[in-house]
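A.B. asks: File follows, coords_9.tsv with TSV, C-alpha atoms:
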```tsv
chain	number	residue	atom	x	y	z
A	1	MET	CA	82.35	127.49	54.72
A	2	ASN	CA	80.22	129.47	52.31
A	3	TYR	CA	76.48	129.65	52.92
A	4	THR	CA	73.72	130.75	50.58
A	5	ILE	CA	70.86	132.20	52.64
A	6	THR	CA	67.51	132.81	50.97
A	7	ILE	CA	64.90	134.69	52.97
A	8	LEU	CA	61.23	135.07	52.13
A	9	ARG	CA	60.70	138.76	52.76
A	10	GLN	CA	57.63	140.94	53.12
A	11	ALA	CA	57.84	144.59	54.10
A	12	ASP	CA	54.49	144.64	55.93
A	13	ARG	CA	51.12	142.92	56.11
A	14	ASP	CA	49.94	144.30	52.77
A	15	ALA	CA	53.15	143.99	50.77
A	16	GLU	CA	53.91	141.29	48.23
A	17	PRO	CA	56.38	138.66	49.45
A	18	TYR	CA	59.64	138.12	47.58
A	19	ARG	CA	62.81	136.09	48.01
A	20	GLN	CA	66.17	137.66	48.67
A	21	THR	CA	69.44	135.74	48.69
A	22	VAL	CA	72.67	136.69	50.43
A	23	LEU	CA	76.03	134.99	50.72
A	24	PHE	CA	77.73	134.44	54.05
A	25	ALA	CA	81.09	132.89	54.92
A	26	THR	CA	82.17	131.63	58.33
A	27	ASN	CA	84.24	128.87	59.90
A	28	ASP	CA	81.96	128.78	62.94
A	29	ALA	CA	79.73	125.77	62.29
A	30	GLU	CA	78.33	126.12	65.83
A	31	MET	CA	76.75	129.46	64.97
A	32	THR	CA	72.96	129.32	65.19
A	33	VAL	CA	70.51	130.68	62.65
A	34	ALA	CA	69.54	133.29	65.25
A	35	THR	CA	73.15	134.48	65.53
A	36	LEU	CA	73.39	134.42	61.76
A	37	LEU	CA	70.42	136.76	61.44
A	38	LYS	CA	71.84	139.09	64.09
A	39	THR	CA	75.17	139.09	62.24
A	40	LEU	CA	73.56	139.86	58.88
A	41	ASN	CA	71.62	142.76	60.38
A	42	ALA	CA	74.83	144.10	61.92
A	43	THR	CA	76.74	143.92	58.62
A	44	PRO	CA	77.14	147.39	57.08
A	45	ASN	CA	76.24	147.84	53.42
A	46	LEU	CA	75.02	144.26	53.06
A	47	THR	CA	73.96	143.39	49.50
A	48	ASP	CA	72.22	140.39	48.00
A	49	THR	CA	73.37	138.22	45.11
A	50	ASP	CA	71.89	140.75	42.65
A	51	GLY	CA	73.88	143.58	44.17
A	52	LYS	CA	70.84	145.18	45.81
A	53	ALA	CA	70.96	146.58	49.32
A	54	VAL	CA	69.54	144.32	52.01
A	55	SER	CA	67.32	146.17	54.46
A	56	ASN	CA	67.12	145.12	58.10
A	57	ILE	CA	65.73	141.58	58.28
A	58	GLN	CA	62.77	141.59	60.62
A	59	TRP	CA	62.44	138.63	62.97
A	60	GLU	CA	61.65	138.03	66.63
A	61	CYS	CA	63.88	136.85	69.44
A	62	SER	CA	64.05	137.12	73.19
A	63	CYS	CA	65.93	134.57	75.27
A	64	LEU	CA	67.93	132.83	72.49
A	65	GLN	CA	67.98	129.76	74.76
A	66	LYS	CA	64.97	127.71	73.60
A	67	LYS	CA	62.86	129.08	76.45
A	68	CYS	CA	60.51	131.62	74.84
A	69	GLY	CA	59.60	130.34	71.37
A	70	ALA	CA	59.74	133.82	69.83
A	71	CYS	CA	62.20	132.92	67.06
A	72	ALA	CA	60.05	130.17	65.50
A	73	MET	CA	60.19	130.14	61.71
A	74	ARG	CA	60.41	127.69	58.83
A	75	ILE	CA	64.01	126.67	58.26
A	76	ASN	CA	64.48	124.68	55.06
A	77	GLY	CA	60.75	123.98	55.13
A	78	ARG	CA	60.58	122.72	58.73
A	79	PRO	CA	59.28	124.80	61.66
A	80	ARG	CA	62.15	125.27	64.09
A	81	LEU	CA	63.49	127.74	66.61
A	82	ALA	CA	66.25	129.81	65.03
A	83	CYS	CA	68.24	129.64	68.26
A	84	ASP	CA	68.14	125.83	68.14
A	85	VAL	CA	69.52	125.25	64.63
A	86	LYS	CA	73.27	125.39	64.00
A	87	LEU	CA	74.95	126.00	60.68
A	88	SER	CA	76.49	122.54	60.93
A	89	ALA	CA	73.04	121.19	60.02
A	90	PHE	CA	73.34	122.59	56.49
A	91	LYS	CA	75.84	120.28	54.82
A	92	ASN	CA	75.34	121.78	51.36
A	93	GLY	CA	75.42	125.36	52.65
A	94	ASN	CA	71.89	126.23	51.46
A	95	ILE	CA	69.58	127.85	54.00
A	96	LEU	CA	65.98	128.87	53.34
A	97	LEU	CA	64.25	131.03	55.96
A	98	GLU	CA	60.50	131.64	55.78
A	99	PRO	CA	57.80	132.79	58.21
A	100	LEU	CA	55.40	130.24	59.66
A	101	LYS	CA	52.70	129.85	57.01
A	102	LYS	CA	49.61	129.28	59.17
A	103	PHE	CA	49.76	132.74	60.72
A	104	PRO	CA	49.37	136.22	59.18
A	105	VAL	CA	52.73	137.75	58.29
A	106	ILE	CA	53.50	141.03	60.02
A	107	ALA	CA	56.86	141.59	58.33
A	108	ASP	CA	59.55	139.26	56.96
A	109	LEU	CA	59.88	136.39	59.47
A	110	ILE	CA	57.51	137.90	62.07
A	111	VAL	CA	54.00	136.47	62.23
A	112	ASP	CA	50.90	137.24	64.26
A	113	ARG	CA	50.37	134.27	66.59
A	114	SER	CA	47.61	135.89	68.62
A	115	ILE	CA	45.13	133.21	67.52
A	116	MET	CA	46.79	130.83	70.00
A	117	PHE	CA	46.03	133.14	72.89
A	118	GLU	CA	42.52	133.80	71.64
A	119	ASP	CA	41.93	130.05	71.54
A	120	LEU	CA	43.09	129.72	75.15
A	121	LYS	CA	40.60	132.40	76.14
A	122	ASN	CA	37.81	130.84	74.11
A	123	ILE	CA	38.35	127.41	75.61
A	124	GLY	CA	38.11	128.96	79.07
A	125	LEU	CA	41.56	128.08	80.35
A	126	TRP	CA	41.81	130.08	83.54
A	127	LEU	CA	41.13	129.75	87.25
A	128	GLU	CA	38.32	131.63	88.98
A	129	LYS	CA	39.77	130.82	92.39
A	130	GLU	CA	42.95	129.47	93.91
A	131	ALA	CA	43.64	125.82	93.18
A	132	ARG	CA	46.29	123.38	94.29
A	133	HIS	CA	47.52	120.40	92.36
A	134	THR	CA	47.22	117.01	93.91
A	135	LYS	CA	50.20	114.70	93.79
A	136	ARG	CA	48.79	112.83	90.80
A	137	GLY	CA	48.55	116.01	88.71
A	138	GLU	CA	51.88	117.60	89.54
A	139	GLU	CA	53.91	115.80	86.90
A	140	LEU	CA	51.36	116.52	84.18
A	141	ALA	CA	51.18	120.17	85.18
A	142	TYR	CA	54.95	120.52	85.08
A	143	GLU	CA	55.22	118.83	81.69
A	144	ALA	CA	52.46	121.03	80.26
A	145	SER	CA	54.03	124.19	81.71
A	146	ARG	CA	57.04	123.75	79.42
A	147	CYS	CA	54.96	124.71	76.36
A	148	LEU	CA	56.58	127.70	74.61
A	149	GLN	CA	53.50	128.73	72.61
A	150	CYS	CA	55.88	128.95	69.64
A	151	GLY	CA	53.35	127.70	67.09
A	152	CYS	CA	55.49	124.93	65.58
A	153	CYS	CA	52.86	122.33	66.48
A	154	LEU	CA	50.12	124.28	64.69
A	155	GLU	CA	52.33	124.69	61.66
A	156	VAL	CA	52.59	120.92	61.09
A	157	CYS	CA	49.13	119.88	62.32
A	158	PRO	CA	47.04	118.60	59.37
A	159	ASN	CA	43.82	119.34	61.26
A	160	PHE	CA	44.55	122.92	62.29
A	161	ILE	CA	43.14	125.65	60.06
A	162	PRO	CA	43.20	129.12	61.64
A	163	SER	CA	39.66	130.01	60.52
A	164	GLU	CA	38.10	126.85	61.94
A	165	ASP	CA	37.27	125.55	65.41
A	166	PHE	CA	39.95	122.96	66.18
A	167	TYR	CA	42.40	124.45	68.66
A	168	SER	CA	45.31	121.98	68.36
A	169	ALA	CA	48.19	121.20	70.73
A	170	ALA	CA	48.80	124.86	71.59
A	171	SER	CA	45.55	124.64	73.56
A	172	PHE	CA	45.37	121.04	74.74
A	173	VAL	CA	48.88	121.04	76.19
A	174	PRO	CA	48.21	124.03	78.51
A	175	THR	CA	44.81	122.55	79.31
A	176	ALA	CA	46.58	119.58	80.91
A	177	ARG	CA	47.82	121.91	83.64
A	178	VAL	CA	44.36	122.27	85.17
A	179	LEU	CA	41.93	119.84	83.52
A	180	SER	CA	42.18	117.08	86.11
A	181	GLU	CA	42.32	119.43	89.10
A	182	LEU	CA	39.46	121.90	88.64
A	183	PRO	CA	36.50	121.60	91.03
A	184	GLY	CA	32.88	120.92	90.06
A	185	LYS	CA	31.30	123.55	87.80
A	186	ASP	CA	34.59	125.02	86.56
A	187	LYS	CA	35.77	121.59	85.48
A	188	ALA	CA	32.47	120.76	83.76
A	189	GLU	CA	32.62	123.91	81.66
A	190	LEU	CA	36.22	123.30	80.60
A	191	LEU	CA	35.42	119.67	79.75
A	192	ILE	CA	32.65	120.78	77.39
A	193	SER	CA	34.98	123.25	75.65
A	194	TYR	CA	37.76	120.68	75.45
A	195	VAL	CA	35.58	118.00	73.85
A	196	ASP	CA	34.13	120.48	71.35
A	197	LYS	CA	37.32	122.34	70.42
A	198	VAL	CA	40.00	119.66	70.78
A	199	TYR	CA	38.78	116.09	71.08
A	200	LYS	CA	36.34	116.19	68.15
A	201	GLY	CA	38.86	117.78	65.78
A	202	CYS	CA	42.09	115.95	66.60
A	203	GLY	CA	43.06	113.30	64.07
A	204	LYS	CA	45.74	111.84	66.39
A	205	SER	CA	48.46	112.22	63.75
A	206	LEU	CA	50.81	113.36	66.54
A	207	SER	CA	52.86	115.46	64.14
A	208	CYS	CA	52.91	117.93	67.04
A	209	ARG	CA	54.80	115.42	69.17
A	210	ASP	CA	57.55	115.03	66.59
A	211	ILE	CA	58.07	118.76	66.00
A	212	CYS	CA	57.91	120.16	69.54
A	213	PRO	CA	61.19	122.02	70.24
A	214	ALA	CA	60.69	121.55	74.00
A	215	GLN	CA	60.24	117.79	73.45
A	216	ILE	CA	57.10	117.76	75.57
A	217	ASP	CA	55.46	114.35	75.92
A	218	ILE	CA	52.43	115.58	73.98
A	219	GLU	CA	51.02	112.12	73.40
A	220	HIS	CA	50.82	111.41	77.13
A	221	LEU	CA	49.15	114.75	77.82
A	222	LEU	CA	46.63	114.18	75.03
A	223	VAL	CA	45.80	110.67	76.23
A	224	ASN	CA	45.25	111.88	79.78
A	225	ASN	CA	43.17	114.88	78.69
A	226	ASN	CA	40.94	112.61	76.61
A	227	ALA	CA	40.60	110.15	79.47
A	228	VAL	CA	39.50	112.88	81.87
A	229	ALA	CA	37.23	114.66	79.40
A	230	VAL	CA	35.61	111.69	77.66
A	231	TRP	CA	35.94	108.66	79.89
A	232	LYS	CA	36.00	110.56	83.20
A	233	ARG	CA	39.08	108.87	84.51
A	234	PHE	CA	42.65	109.90	85.20
A	235	ILE	CA	45.72	108.28	83.64
A	236	LYS	CA	49.05	109.15	85.18
```
Please rewrite the model in this file as structure tokens.

C.D. replies:
Amino acid sequence: MNYTITILRQADRDAEPYRQTVLFATNDAEMTVATLLKTLNATPNLTDTDGKAVSNIQWECSCLQKKCGACAMRINGRPRLACDVKLSAFKNGNILLEPLKKFPVIADLIVDRSIMFEDLKNIGLWLEKEARHTKRGEELAYEASRCLQCGCCLEVCPNFIPSEDFYSAASFVPTARVLSELPGKDKAELLISYVDKVYKGCGKSLSCRDICPAQIDIEHLLVNNNAVAVWKRFIK
């Protein structure tokens, strides 16, 4: 099948973005977008539909098994992991690849997602001393630990704006790992940060739930976090 791949390109942080289109033919409908990008970059003398040379397409990848979240990008307008989307999904053969739009572009499909890690630091999500999960918190902690920090949830969240104070699912999901288990003072401080940075800003649209590539039960984690932080009770 013949595929028309359009990529929103940007040489570096200060460069102007532009679209570049290349043609690609394969009978392997099981090929992923990640493999497609690797193949394009390995193709010698690759040219676009205008006959111009195509420079190396910059994008991130690591595990290629839906475990790291590095290859998150917008694929036909929807934030997805490139390693999780097969060519069989594109019935008309048209593929549009763009960087996530809520993060600063570093180059091509690579974005700076450091704001997620800064938010985790600002909310105070760490342990000062050793802690052990009780039986009631183990399942929540495991579910929350599957978060890839890929940024797809922030991309679709109508309440998340990088320059403002709402931290979104990329913070409240990891928070579920420790929120119900922290002792005394440590817990009180995290509860204050959680209410201020998450609870007050979340509109409960749950667009994060529908987009999560790890299929985390985000709604359950959010409900339990809110119960612990606001109503001071635990919901398993």

A.B. asks: Could you check the closest approach to A:Glu128 for each of A:Cys147, A:Leu182, A:Ala141, A:Ala82 and tell me which residue wins, using all atoms listed in the file?

C.D. replies: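 So, comparing all the options, the nearest one is A:Leu182.
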
A.B. asks: Suppose you want the space between atom CA of A:Ile123 and atom CA of A:Lys197; what is it in Å?

C.D. replies: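 One can read the atom CA of A:Ile123 to atom CA of A:Lys197 distance as 7.3 Å.
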
A.B. asks: List the spatial neighbours of A:Arg209 as a ChimeraX atom specification - criterion: any atom at most 7 Å away, only C-alpha atoms, same-chain residues fewer than 4 positions off excluded.

C.D. replies: /A:217-219

A.B. asks: Do a neighbour search on A:Trp126 at 10 Å with all atoms listed in the file, toss out local chain neighbours closer than 2 positions, and write the hits as a list in words.

C.D. replies: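 Here the answer would be Leu120, Lys121, Ile123, Gly124, Glu128, Lys129, Thr175, Val178, Leu182, Asp186 and Leu190 of chain A.
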
A.B. asks: Report as a ChimeraX atom specification all protein, DNA and RNA residues lying within 12 Å of A:Lys66, evaluated on all atoms listed in the file, omitting residues in the same chain fewer than 3 positions from it.

C.D. replies: /A:32,34,61-63,69-72,80-85,146-150,212-215
